[in-house]
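The structure file query-v9.txt is reproduced below (compact mmCIF, C-alpha atoms).
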# COMPACT_ATOMS: atom_id res chain seq x y z
CA MET R 271 0.00 0.00 0.00
CA SER R 272 1.42 3.37 -0.86
CA GLY R 273 -0.19 5.05 2.14
CA SER R 274 3.16 6.09 3.54
CA ASP R 275 1.54 9.18 4.99
CA GLU R 276 2.24 9.33 8.70
CA ARG R 277 -0.41 11.87 9.47
CA THR R 278 -3.34 10.75 11.57
CA VAL R 279 -7.04 10.64 10.78
CA LYS R 280 -10.10 10.49 12.99
CA SER R 281 -12.39 8.80 10.51
CA LEU R 282 -12.15 6.41 7.60
CA ARG R 283 -13.74 9.08 5.47
CA GLU R 284 -10.60 11.21 5.93
CA LEU R 285 -8.48 8.71 4.05
CA PRO R 286 -7.44 10.13 0.69
CA PRO R 287 -9.43 8.40 -2.08
CA ALA R 288 -6.73 9.25 -4.63
CA LEU R 289 -3.35 7.53 -4.50
CA ALA R 290 -0.45 8.02 -6.87
CA PRO R 291 0.79 4.99 -8.78
CA GLY R 292 4.50 4.31 -8.64
CA ARG R 293 4.93 5.35 -12.28
CA ASP R 294 3.14 7.27 -14.98
CA LEU R 295 0.67 4.82 -16.51
CA TRP R 296 -0.41 7.10 -19.35
CA PRO R 297 2.33 6.29 -21.93
CA GLU R 298 1.32 2.61 -21.89
CA ILE R 299 -2.35 3.48 -22.04
CA GLU R 300 -1.72 5.83 -24.95
CA ALA R 301 0.31 3.16 -26.74
CA ARG R 302 -2.53 0.69 -26.28
CA LEU R 303 -5.07 3.20 -27.55
CA GLY R 304 -3.01 3.65 -30.69
CA ALA R 305 -2.13 -0.02 -30.96
CA SER R 306 -5.71 -1.19 -30.91
CA PRO R 307 -6.75 -0.45 -34.48
CA GLY R 308 -10.21 -1.73 -33.71
CA VAL R 309 -10.86 1.21 -31.47
CA SER R 310 -10.15 4.11 -33.79
CA THR R 311 -11.36 2.23 -36.83
CA ALA R 312 -14.58 1.25 -35.10
CA ARG R 313 -15.03 4.84 -33.93
CA GLN R 314 -14.46 6.14 -37.46
CA SER R 315 -16.77 3.46 -38.85
CA ALA R 316 -19.45 4.41 -36.36
CA ALA R 317 -19.10 8.07 -37.32
CA ALA R 318 -19.24 7.19 -41.01
CA ALA R 319 -22.26 4.97 -40.44
CA ARG R 320 -24.00 7.79 -38.57
CA ALA R 321 -23.22 10.18 -41.43
CA ARG R 322 -24.48 7.65 -43.97
CA ALA R 323 -27.64 7.06 -41.95
CA ALA R 324 -28.24 10.82 -41.74
CA SER R 325 -27.74 11.20 -45.46
CA VAL R 326 -30.08 8.30 -46.19
CA ARG R 327 -32.72 9.78 -43.89
CA TRP R 328 -32.50 13.15 -45.60
CA LEU R 329 -32.72 11.53 -49.00
CA ALA R 330 -35.64 9.40 -47.83
CA ALA R 331 -37.46 12.54 -46.69
CA ALA R 332 -36.70 14.22 -50.00
CA ALA R 333 -37.88 11.17 -51.91
CA MET R 334 -41.06 11.04 -49.86
CA VAL R 335 -41.81 14.66 -50.66
CA ALA R 336 -41.09 14.03 -54.31
CA CYS R 337 -43.39 10.98 -54.37
CA VAL R 338 -46.24 12.92 -52.84
CA ALA R 339 -45.71 15.76 -55.28
CA VAL R 340 -45.62 13.41 -58.24
CA GLY R 341 -48.80 11.73 -57.00
CA VAL R 342 -50.51 15.07 -56.86
CA TRP R 343 -49.29 15.98 -60.33
CA VAL R 344 -50.56 12.69 -61.69
CA GLY R 345 -53.88 13.24 -59.97
CA ARG R 346 -54.11 16.70 -61.51
CA ASP R 347 -53.60 15.28 -64.97
CA LEU R 348 -56.11 12.50 -64.50
CA VAL R 349 -58.94 14.48 -63.01
CA PRO R 350 -61.10 16.49 -65.39
CA VAL R 351 -61.26 20.19 -64.75
CA GLY R 352 -64.72 21.67 -64.50
CA ALA R 353 -66.42 24.99 -64.11
CA PRO R 354 -64.93 27.91 -62.18
CA GLY R 355 -66.04 28.53 -58.60
CA ALA R 356 -66.50 31.65 -56.60
CA ALA R 357 -65.00 31.97 -53.12
CA PRO R 358 -61.29 32.35 -52.32
CA VAL R 359 -59.72 29.85 -49.97
CA PRO R 360 -56.64 30.13 -47.83
CA THR R 361 -53.69 28.19 -49.14
CA ALA R 362 -51.45 26.06 -47.01
CA SER R 363 -48.96 28.89 -46.83
CA GLY R 364 -51.55 30.92 -44.97
CA THR R 365 -52.15 33.35 -47.82
CA THR R 366 -55.32 33.60 -49.81
CA SER R 367 -55.33 31.77 -53.09
CA ALA R 368 -55.84 33.99 -56.10
CA THR R 369 -57.93 31.23 -57.62
CA PRO R 370 -61.61 31.40 -56.75
CA LEU R 371 -63.12 28.33 -55.16
CA SER R 372 -66.68 27.34 -54.55
CA GLU R 373 -68.19 27.39 -51.08
CA GLY R 374 -68.58 23.62 -51.14
CA ALA R 375 -64.92 23.03 -51.78
CA ALA R 376 -64.03 25.59 -49.15
CA VAL R 377 -66.09 23.61 -46.65
CA ASP R 378 -64.36 20.38 -47.65
CA ALA R 379 -60.99 21.98 -47.13
CA ALA R 380 -62.16 23.95 -44.13
CA TYR R 381 -59.67 22.36 -41.81
CA VAL R 382 -56.84 24.15 -43.60
CA SER R 383 -58.25 27.47 -42.45
CA ASP R 384 -58.55 26.20 -38.88
CA PRO R 385 -56.37 28.54 -36.75
CA ARG R 386 -54.85 25.57 -34.92
CA TYR R 387 -53.79 23.99 -38.19
CA ARG R 388 -52.40 27.25 -39.52
CA HIS R 389 -50.53 27.92 -36.29
CA GLN R 390 -49.06 24.42 -36.23
CA ARG R 391 -48.08 24.67 -39.87
CA ALA R 392 -46.48 28.08 -39.38
CA GLU R 393 -44.47 26.72 -36.45
CA LEU R 394 -43.40 23.71 -38.47
CA MET R 395 -42.40 25.86 -41.42
CA LYS R 396 -40.21 28.00 -39.16
CA SER R 397 -38.55 24.92 -37.73
CA VAL R 398 -38.13 23.31 -41.13
CA GLN R 399 -36.48 26.45 -42.47
CA ALA R 400 -33.93 26.21 -39.69
CA ARG R 401 -33.44 22.51 -40.36
CA LEU R 402 -32.98 23.18 -44.07
CA GLU R 403 -30.18 25.60 -43.33
CA ALA R 404 -28.38 22.95 -41.33
CA MET R 405 -28.73 20.28 -44.01
CA PRO R 406 -26.04 19.25 -46.46
CA GLU R 407 -26.42 21.22 -49.69
CA PRO R 408 -27.62 18.38 -52.00
CA ALA R 409 -30.24 17.20 -49.52
CA ARG R 410 -31.38 20.77 -48.85
CA ALA R 411 -31.79 21.44 -52.57
CA LYS R 412 -33.81 18.26 -53.02
CA VAL R 413 -36.11 18.93 -50.09
CA ALA R 414 -36.57 22.57 -51.07
CA ALA R 415 -37.34 21.62 -54.69
CA SER R 416 -39.78 18.95 -53.54
CA LEU R 417 -41.54 21.33 -51.15
CA ALA R 418 -41.81 23.84 -53.99
CA ALA R 419 -43.27 21.12 -56.23
CA ILE R 420 -45.86 20.13 -53.65
CA GLU R 421 -46.81 23.78 -53.16
CA THR R 422 -47.31 24.17 -56.91
CA ALA R 423 -49.35 20.96 -57.01
CA LYS R 424 -51.57 22.29 -54.22
CA LYS R 425 -52.20 25.48 -56.11
CA ASP R 426 -53.02 23.53 -59.26
CA LEU R 427 -55.47 21.36 -57.34
CA GLU R 428 -57.10 24.42 -55.81
CA SER R 429 -57.33 25.95 -59.22
CA ALA R 430 -58.87 22.78 -60.69
CA LEU R 431 -61.31 22.62 -57.80
CA GLY R 432 -62.25 26.21 -58.48
CA LYS R 433 -63.36 25.08 -61.91
CA ASP R 434 -65.00 21.87 -60.74
CA PRO R 435 -65.99 22.41 -57.12
CA SER R 436 -68.06 19.25 -56.80
CA ASN R 437 -65.32 16.93 -57.99
CA ALA R 438 -64.94 14.54 -55.05
CA LEU R 439 -61.66 13.10 -56.30
CA LEU R 440 -60.06 16.53 -56.54
CA GLN R 441 -61.32 17.39 -53.05
CA GLU R 442 -59.89 14.21 -51.65
CA LEU R 443 -56.58 14.77 -53.44
CA LEU R 444 -56.33 18.28 -52.08
CA ILE R 445 -57.04 17.20 -48.53
CA ASN R 446 -54.59 14.33 -48.89
CA THR R 447 -52.00 16.75 -50.19
CA TYR R 448 -52.41 19.03 -47.19
CA GLN R 449 -52.15 16.03 -44.89
CA ASP R 450 -49.12 14.73 -46.75
CA GLU R 451 -47.49 18.11 -46.58
CA MET R 452 -47.98 18.22 -42.81
CA ARG R 453 -46.58 14.72 -42.54
CA VAL R 454 -43.54 15.66 -44.60
CA LEU R 455 -42.95 18.85 -42.64
CA THR R 456 -43.21 16.89 -39.41
CA ASP R 457 -40.80 14.27 -40.74
CA VAL R 458 -38.26 16.87 -41.82
CA HIS R 459 -38.67 18.60 -38.47
CA GLU R 460 -38.11 15.37 -36.56
CA ILE R 461 -35.31 14.07 -38.76
CA GLY R 462 -33.39 17.28 -38.24
CA ASP R 463 -33.81 17.23 -34.49
CA PRO R 464 -30.25 17.57 -33.09
CA SER R 465 -31.24 15.43 -30.08
CA ARG R 466 -31.74 12.56 -32.48
CA GLY R 467 -28.13 12.66 -33.48
CA ILE R 468 -28.29 14.27 -36.90
CA MET I 188 -12.15 23.44 -26.04
CA GLN I 189 -15.88 23.23 -26.01
CA ALA I 190 -17.06 23.93 -22.48
CA GLN I 191 -20.61 23.63 -21.24
CA MET I 192 -22.45 25.27 -18.38
CA LYS I 193 -23.58 22.93 -15.64
CA ASP I 194 -25.21 24.20 -12.45
CA GLY I 195 -23.83 27.65 -13.24
CA ARG I 196 -20.28 26.33 -13.52
CA VAL I 197 -18.24 25.76 -16.62
CA ASP I 198 -18.28 22.05 -17.27
CA TRP I 199 -14.89 21.43 -18.84
CA GLU I 200 -15.21 17.72 -18.23
CA GLY I 201 -18.31 17.45 -20.42
CA GLY I 202 -16.43 19.05 -23.30
CA LEU I 203 -13.44 16.77 -22.75
CA VAL I 204 -15.72 13.73 -22.69
CA GLN I 205 -17.29 14.77 -26.00
CA ARG I 206 -13.91 15.31 -27.60
CA ALA I 207 -12.54 12.05 -26.26
CA ALA I 208 -15.63 10.19 -27.42
CA ALA I 209 -14.94 11.59 -30.90
CA GLY I 210 -11.44 10.10 -30.78
CA ASP I 211 -9.33 12.94 -29.32
CA SER I 212 -6.69 11.16 -27.23
CA ARG I 213 -5.34 14.46 -25.83
CA ALA I 214 -8.72 15.16 -24.30
CA PHE I 215 -8.79 11.62 -22.94
CA GLU I 216 -5.35 12.13 -21.39
CA ARG I 217 -6.68 15.13 -19.51
CA LEU I 218 -9.53 13.02 -18.21
CA TYR I 219 -7.01 10.37 -17.23
CA ARG I 220 -4.90 12.93 -15.34
CA GLU I 221 -7.99 14.12 -13.53
CA HIS I 222 -9.31 10.72 -12.48
CA SER I 223 -6.38 8.31 -12.43
CA GLY I 224 -5.49 8.91 -8.78
CA ARG I 225 -8.90 7.93 -7.49
CA VAL I 226 -9.15 5.03 -9.91
CA TYR I 227 -5.73 3.75 -8.91
CA GLY I 228 -6.54 4.23 -5.21
CA LEU I 229 -9.68 2.18 -5.65
CA CYS I 230 -7.93 -0.55 -7.62
CA LEU I 231 -5.09 -0.73 -5.09
CA ARG I 232 -7.46 -1.04 -2.16
CA LEU I 233 -9.47 -3.74 -3.89
CA THR I 234 -6.52 -5.79 -5.13
CA ARG I 235 -3.90 -5.06 -2.42
CA ASP I 236 -1.23 -5.41 -5.07
CA ALA I 237 0.48 -2.37 -6.58
CA HIS I 238 1.34 -4.04 -9.90
CA LEU I 239 -2.09 -5.54 -10.27
CA ALA I 240 -3.62 -2.17 -9.39
CA GLU I 241 -1.56 -0.51 -12.13
CA ASP I 242 -2.77 -3.09 -14.62
CA CYS I 243 -6.35 -2.56 -13.45
CA THR I 244 -6.01 1.20 -13.78
CA GLN I 245 -4.70 0.89 -17.31
CA ASP I 246 -7.43 -1.59 -18.25
CA THR I 247 -10.03 0.68 -16.70
CA PHE I 248 -9.03 3.57 -18.92
CA ILE I 249 -8.66 1.38 -22.01
CA ASN I 250 -12.16 0.00 -21.44
CA ALA I 251 -13.45 3.50 -20.78
CA TRP I 252 -11.92 4.75 -24.04
CA LYS I 253 -13.66 1.97 -25.95
CA ALA I 254 -17.00 2.56 -24.26
CA LEU I 255 -16.86 6.36 -24.14
CA PRO I 256 -19.16 6.87 -27.16
CA GLN I 257 -21.87 5.07 -25.18
CA PHE I 258 -21.28 7.09 -21.99
CA GLU I 259 -24.32 9.12 -20.93
CA THR I 260 -22.99 12.60 -20.23
CA ARG I 261 -25.77 13.17 -17.72
CA SER I 262 -24.18 10.68 -15.31
CA SER I 263 -20.98 11.16 -13.36
CA LEU I 264 -17.80 10.23 -15.20
CA ALA I 265 -16.08 9.44 -11.88
CA THR I 266 -18.81 6.99 -10.89
CA TRP I 267 -18.74 5.42 -14.35
CA LEU I 268 -14.97 4.99 -14.17
CA HIS I 269 -15.22 3.54 -10.68
CA ARG I 270 -17.77 0.98 -11.87
CA ILE I 271 -15.36 -0.10 -14.59
CA ALA I 272 -12.49 -0.16 -12.11
CA VAL I 273 -14.44 -2.35 -9.69
CA ASN I 274 -15.35 -4.79 -12.47
CA VAL I 275 -11.78 -4.96 -13.73
CA SER I 276 -10.31 -5.29 -10.24
CA LEU I 277 -12.70 -7.99 -9.07
CA GLY I 278 -12.19 -9.87 -12.34
CA LYS I 279 -8.41 -9.79 -12.04
CA ARG I 280 -8.54 -10.65 -8.35
CA ARG I 281 -10.70 -13.69 -9.03
CA LYS I 282 -8.24 -14.84 -11.69
CA SER I 283 -5.18 -14.35 -9.52
CA SER I 284 -6.56 -15.91 -6.32
CA PRO I 285 -10.00 -17.45 -6.60
CA VAL I 286 -11.22 -17.74 -3.02
CA PHE I 287 -14.64 -18.83 -1.94
CA GLU I 288 -15.94 -16.50 0.68
CA PRO I 289 -19.27 -17.27 2.35
CA GLU I 290 -21.69 -14.38 2.24
CA PRO I 291 -22.65 -13.04 5.65
CA GLU I 292 -26.30 -12.87 6.56
CA ASP I 293 -28.18 -9.66 6.00
CA ASP I 294 -27.50 -7.12 8.68
CA GLU I 295 -28.26 -3.45 9.25
CA GLY I 296 -25.04 -2.77 11.14
CA GLY I 297 -23.21 -1.13 8.26
CA LEU I 298 -24.46 2.36 9.02
CA GLY I 299 -22.43 5.11 10.68
CA ASP I 300 -19.82 7.68 9.81
CA TRP I 301 -16.80 5.46 10.42
CA ALA I 302 -15.33 7.74 13.08
CA LEU I 303 -12.44 6.36 15.11
CA GLU I 304 -12.28 6.51 18.87
CA THR I 305 -8.78 8.02 18.72
CA PRO I 306 -6.75 9.33 15.77
CA VAL I 307 -4.87 6.69 13.81
CA GLU I 308 -1.99 6.99 11.38
CA VAL I 309 -3.05 6.69 7.77
CA ARG I 310 -0.54 3.90 7.19
CA GLU I 311 -1.84 1.88 10.14
CA LEU I 312 -5.42 2.32 9.05
CA GLU I 313 -4.66 1.41 5.42
CA THR I 314 -2.89 -1.73 6.63
CA ALA I 315 -5.85 -2.70 8.78
CA ILE I 316 -8.21 -2.19 5.85
CA GLY I 317 -5.90 -4.16 3.57
CA GLU I 318 -6.04 -7.12 5.95
CA LEU I 319 -9.81 -7.35 5.86
CA PRO I 320 -11.38 -10.25 3.94
CA ASP I 321 -12.12 -9.33 0.33
CA GLY I 322 -15.91 -8.98 0.61
CA ALA I 323 -15.78 -6.83 3.73
CA ARG I 324 -12.98 -4.69 2.32
CA ASP I 325 -14.76 -4.16 -1.01
CA ALA I 326 -17.88 -2.88 0.70
CA LEU I 327 -15.91 -0.76 3.16
CA VAL I 328 -13.74 0.87 0.50
CA LEU I 329 -16.68 1.81 -1.73
CA HIS I 330 -18.94 2.97 1.09
CA ALA I 331 -16.65 4.49 3.72
CA LEU I 332 -13.78 5.75 1.58
CA TYR I 333 -15.42 6.60 -1.72
CA GLY I 334 -18.77 7.65 -0.30
CA TYR I 335 -21.08 5.41 -2.31
CA SER I 336 -24.43 4.53 -0.80
CA HIS I 337 -25.20 0.97 0.23
CA GLY I 338 -27.27 0.56 -2.92
CA GLU I 339 -24.57 1.94 -5.22
CA ALA I 340 -21.83 -0.12 -3.59
CA ALA I 341 -24.00 -3.24 -3.73
CA GLN I 342 -24.74 -2.64 -7.40
CA MET I 343 -21.08 -2.13 -8.24
CA LEU I 344 -20.13 -5.31 -6.41
CA GLY I 345 -23.03 -7.31 -7.80
CA ILE I 346 -24.40 -8.22 -4.39
CA ALA I 347 -27.63 -7.55 -2.51
CA VAL I 348 -27.92 -4.38 -0.44
CA GLY I 349 -28.44 -6.48 2.70
CA THR I 350 -25.28 -8.40 1.97
CA CYS I 351 -23.40 -5.16 1.46
CA LYS I 352 -24.58 -3.91 4.85
CA ALA I 353 -23.63 -7.19 6.45
CA GLN I 354 -20.15 -6.95 4.95
CA LEU I 355 -19.83 -3.43 6.34
CA HIS I 356 -20.89 -4.68 9.76
CA ARG I 357 -18.27 -7.37 9.52
CA ALA I 358 -15.64 -4.87 8.39
CA ARG I 359 -16.43 -2.61 11.33
CA LYS I 360 -16.16 -5.48 13.77
CA LEU I 361 -12.83 -6.67 12.36
CA LEU I 362 -11.39 -3.14 12.24
CA ARG I 363 -12.41 -2.66 15.86
CA GLU I 364 -10.49 -5.80 16.79
CA ARG I 365 -7.42 -4.91 14.76
CA LEU I 366 -7.21 -1.27 15.77
CA LYS I 367 -8.29 -2.09 19.33
CA MET I 368 -10.69 0.81 19.41
CA GLU I 369 -14.27 1.65 18.63
CA VAL I 370 -15.21 2.37 15.01
CA ASN I 371 -18.50 4.19 15.13

Go through the file and emit its structure as structure tokens.
Amino acid sequence: MSGSDERTVKSLRELPPALAPGRDLWPEIEARLGASPGVSTARQSAAAARARAASVRWLAAAAMVACVAVGVWVGRDLVPVGAPGAAPVPTASGTTSATPLSEGAAVDAAYVSDPRYRHQRAELMKSVQARLEAMPEPARAKVAASLAAIETAKKDLESALGKDPSNALLQELLINTYQDEMRVLTDVHEIGDPSRGI
Amino acid sequence: MQAQMKDGRVDWEGGLVQRAAAGDSRAFERLYREHSGRVYGLCLRLTRDAHLAEDCTQDTFINAWKALPQFETRSSLATWLHRIAVNVSLGKRRKSSPVFEPEPEDDEGGLGDWALETPVEVRELETAIGELPDGARDALVLHALYGYSHGEAAQMLGIAVGTCKAQLHRARKLLRERLKMEVN
């Protein structure tokens, strides 16, 4: 025992918890850290795997947005466009669409003008903007382009509904698009959460 | 270095842990310098062999380096290192001298502040502790010297809390006999 200290103590708790080893142990530890290739390699592999996983997740989100947008575009092409409507309807971006829409369609899409929905969407958009800035450039460009595509598709659907307000398929597509957009925004928001390791 | 605020204080250790976990061996060396004395002291008291304690200390830090990416920064690094040190020390001790030691029955006598009736030289006290049976010494070192609760010490040693208390009771009794004084 290296407790060569001759001082006295009145309790076991006064014994020093730290003792000095007879030699410096660090050089051997350092040599073993460097000599164990598995350690640094595994650490680098883990970091690379995390980076790959992050990249894949971003690309998956971008692909999901693109799929939804394409689906909406296809739907727009398939559905016949009817007569023009009358009333304006708020778009998902919170502004009022320039395209007139009938009262019936406005009722069907009424949830998009719900203040709770608009508040939640505005919050998500703010967060997603911040996430986009932190993304790698290629992924950011893809997500931004996809979000722009889905926005355009929404406007087209609203426009088509303005011409054919009673078209149930168009109404359903529009509602689905809003829901998909929220889902995508939520996904991007969650994927970019720093606490999740991205 | 990236420092963080913790309880109003700058948490340099948290930054060092993050850097070490990312593979920075210089940051890990600073953590080693900060904690090696307590880790070595613990290993030495558990193994009673300076060379074995040095090996245990080195293995503790090697194991810590490997496991650092999994370390939860919310918990105490010292406690985490001590857990590793206890595992390494008990493992090496079992290999070097496997001794069957019957577990004492549960007892509540392990409480108290470990005050001595009269002052004792550190060397004499360390010798008395070193002569205790392994189980009693393990519990005493973790609880009385390193300040771990009965539950924490029991968990580190892989024994029941009642057994840990019984070992402390036994340690107190044996110390009393060897030091020829009350250990309260």

Would you give me, as a tab-separated table, each residue of chain I having an atom within 6 Å of an atom of chain R, along with its shortest atom pair and that distance in Å to one decimal, using only C-alpha atoms and sorting by chain and residue number?
residue	atom	partner	partner_atom	distance
I:Gly224	CA	R:Ala288	CA	4.3
I:Arg225	CA	R:Ala288	CA	3.8
I:Gly228	CA	R:Leu289	CA	4.6
I:Gln245	CA	R:Ile299	CA	5.9
I:Trp301	CA	R:Leu282	CA	5.5
I:Ala302	CA	R:Ser281	CA	4.0
I:Leu303	CA	R:Lys280	CA	5.2
I:Pro306	CA	R:Lys280	CA	4.5
I:Val307	CA	R:Thr278	CA	4.9
I:Glu308	CA	R:Thr278	CA	4.0
I:Val309	CA	R:Thr278	CA	5.6
I:Arg310	CA	R:Gly273	CA	5.2
I:Ala331	CA	R:Arg283	CA	5.7
I:Leu332	CA	R:Arg283	CA	5.1

Could you give me, as a list in words, the residues that have an atom at most 10 Å away from the point (-20.9, 15.6, -26.8) in the coordinates of the file, using only C-alpha atoms?
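Final list of nearby residues, as requested, is Gln189, Gln191, Gly201, Gly202, Leu203, Val204, Gln205, Arg206, Ala207, Ala208, Ala209, Pro256, Phe258, Glu259 and Thr260 of chain I.
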
I want to know what sits within 9 Å of His222 (chain I), based on only C-alpha atoms, with residues of the same chain fewer than 3 positions away left out; could you give that as number ranges by chain?
R: 288; I: 217-219, 225-227, 264-265, 268

Could you check how far CA of Ser283 (chain I) sits from CA of Pro320 (chain I), in Å to one decimal?
15.4 Å

Would you work out the distance separating CA of Ala347 (chain I) from CA of Leu277 (chain I), expressed in Å to one decimal?
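Computed distance, CA of Ala347 (chain I) to CA of Leu277 (chain I), equals 16.3 Å.
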
Here CA of Lys279 (chain I) and CA of Arg213 (chain I) stand apart by 28.1 Å

I'd like to know which of R:Ala423, R:Thr456, R:Ala301, R:Ser416 is closest to Met395 (chain R), using only C-alpha atoms.
R:Thr456

Which neighbours of Glu364 (chain I) fall inside 12 Å, counting only C-alpha atoms, when residues of the same chain fewer than 4 positions from it are skipped, and could you give them as a tab-separated table (two decimals) with C-alpha atoms, in the frame of the given file?
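Ended up saving to around26.tsv:
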chain	number	residue	atom	x	y	z
I	315	ALA	CA	-5.85	-2.70	8.78
I	316	ILE	CA	-8.21	-2.19	5.85
I	318	GLU	CA	-6.04	-7.12	5.95
I	319	LEU	CA	-9.81	-7.35	5.86
I	357	ARG	CA	-18.27	-7.37	9.52
I	358	ALA	CA	-15.64	-4.87	8.39
I	359	ARG	CA	-16.43	-2.61	11.33
I	360	LYS	CA	-16.16	-5.48	13.77
I	368	MET	CA	-10.69	0.81	19.41
I	369	GLU	CA	-14.27	1.65	18.63
I	370	VAL	CA	-15.21	2.37	15.01
